[in-house]
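Read the structure below first, then the notes.
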Amino acid sequence: MHLPDGGLLVDDDGLISWCGPWAERPEGTTAVVVVDHHGSFVLPGFVDAHLHFPQLHVLDSRGGGQLLEWLDRVVFPAEARFEDVEYARSAAAHFCRQLATMGTTTSLVLGSQFPHAQQSLTDAAQRTGLRMITGRTTMTVGPASANALLTSESDAIALVRDEIQRGHPLDPTERASALQQVAVIPRFALSVTARTLRALGELYDEYRADGVYFSSHLSENNRPGDGEVASVLAAYGVRRYLDVFDGKFLADSAAGGPSLLGRRTVLAHGVHCMPAELERLAESGSALAHCPVSQQFLGSGTMPWRATTASGVTVAIGSDVAAGDEWFIPRVLNACFKVHHSESGDASMALNAADLLFAATNAGARALDLEDRIGNFDVGKEADLVVIDPDRCPELAELLDGRDPRPDPATDGEALLFAVLMATRETGLAEAYVRGRRLDTDVREFANA
């Protein structure tokens, strides 16, 4: 819905009590505090369904190859730096302020292996006012470059359990209003063993009903012979990559433990999923985080939008910082439009503005089981929103100044939204709010943190 002169009323609890044309606002609103954003665009807060905290400082780092080489040469050494307490604390502050600057009001963050770094991240998210789901990135096996990140399987389970008990709101009443929650996150199938997966599945079953999340990577890179997908199939002897997370991680996809799929499970990428895998994701209520920028950066291919969404799987947008080198979700949407418009033949899809905005807002809320709380401006939802001011973004201002409006209001509204999503740069973000509370997005202050 496009309201050229719209308004939102937010109550003292940060909930939306009314949304509509400003001229039709309810009586009595003259007594409330009015924040005037005439000339700006107010959108739901952006949801980033997949990014990495300890990869903060390796954006645009060349690994000399695709996914597995990049992890070995760039990511694992960078993540080991978070063993330093002061480094981790400073990085956490910068990471959270960066999210606030970009209008990413909600995120699913793959965290550090080090408990002190995770505590710093949680503390920084609370101070900044962000809505965040995070968990330590579990690794029990890996190459020599990852030695500092590995734990024994028993220690891995103990660390995840401790993080849940300390950081996740286990009380239902508390959880209904919590801004920070915890996820169980094995990095990907090659970073754990069948024994680890069984233990994580048993642990997750203990806390699944308490709203704990699960996340990992799925079918990102399919380089022939030695890419990620081929390596997973060979390491586990399974028929399909997804079987590893569906409790069927023994040879020939035999059952070996509890499934990790279901509501609140978000798997990143899904570039090379088989039709049966997409069907199983949809059937289980699991979601995919689509990361078009990082898929381009690492040469992983393009998640087939038309086939994936037709399967019924919820597809949310992820920046995948740092393989993704765009923090600002509209820039990720810009890439999303281009890559899917460039798919071959019948797979090509020119996404419209509503599809793009949905992927970055309500689809993310649905993937994170927060659709009853955030994602749009329905009355009763929490007031997570961003303000885009063209005067702060010359690229957008110039485009809008020269734009020829379309005669049909509905068509013109869609065209206007498309232009805003495609042309806005991060400088255009004026303000961001979580539950009606303004986040501090002054970049000059971030530099002094």
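Identifiers in the structure tokens: chain A, B, ... in order shown; residue index from 1 per chain; ligand index from 1 in order shown.
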task: Could you tell me, as an NGL selection string, which residues of segment 175-314 of chain A DSSP assigns to alpha helix (DSSP H) when given the backbone?
output: :A and (175 or 194-207 or 228-236 or 275-284 or 292-297 or 305-310)
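Taking atom CA of Met132 of chain A as the reference point, atom CA of Glu206 of chain A is found at 21.8 Å.
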- request: Write out as a ChimeraX atom specification the residues lying within 8 Å of Gln126 of chain A, counting only C-alpha atoms and excluding same-chain residues fewer than 4 positions away.
  value: /A:122,130,179-180
I need the residues from that last selection saved to file as a PDB file, in the first residue's frame (with C-alpha atoms), if you can.
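Final output, saved to part_24.pdb:
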```pdb
ATOM      1  CA  THR A 122      24.855  -9.533  22.581  1.00  0.00           C
ATOM      2  CA  LEU A 130      18.738  -4.019  17.616  1.00  0.00           C
ATOM      3  CA  LEU A 179      14.812  -8.487  21.147  1.00  0.00           C
ATOM      4  CA  GLN A 180      17.712 -10.960  21.420  1.00  0.00           C
TER       5      GLN A 180
END
```
statement: Taken to one decimal, the atom CA of Ser284 of chain A-atom CA of Ala322 of chain A distance is 29.0 Å
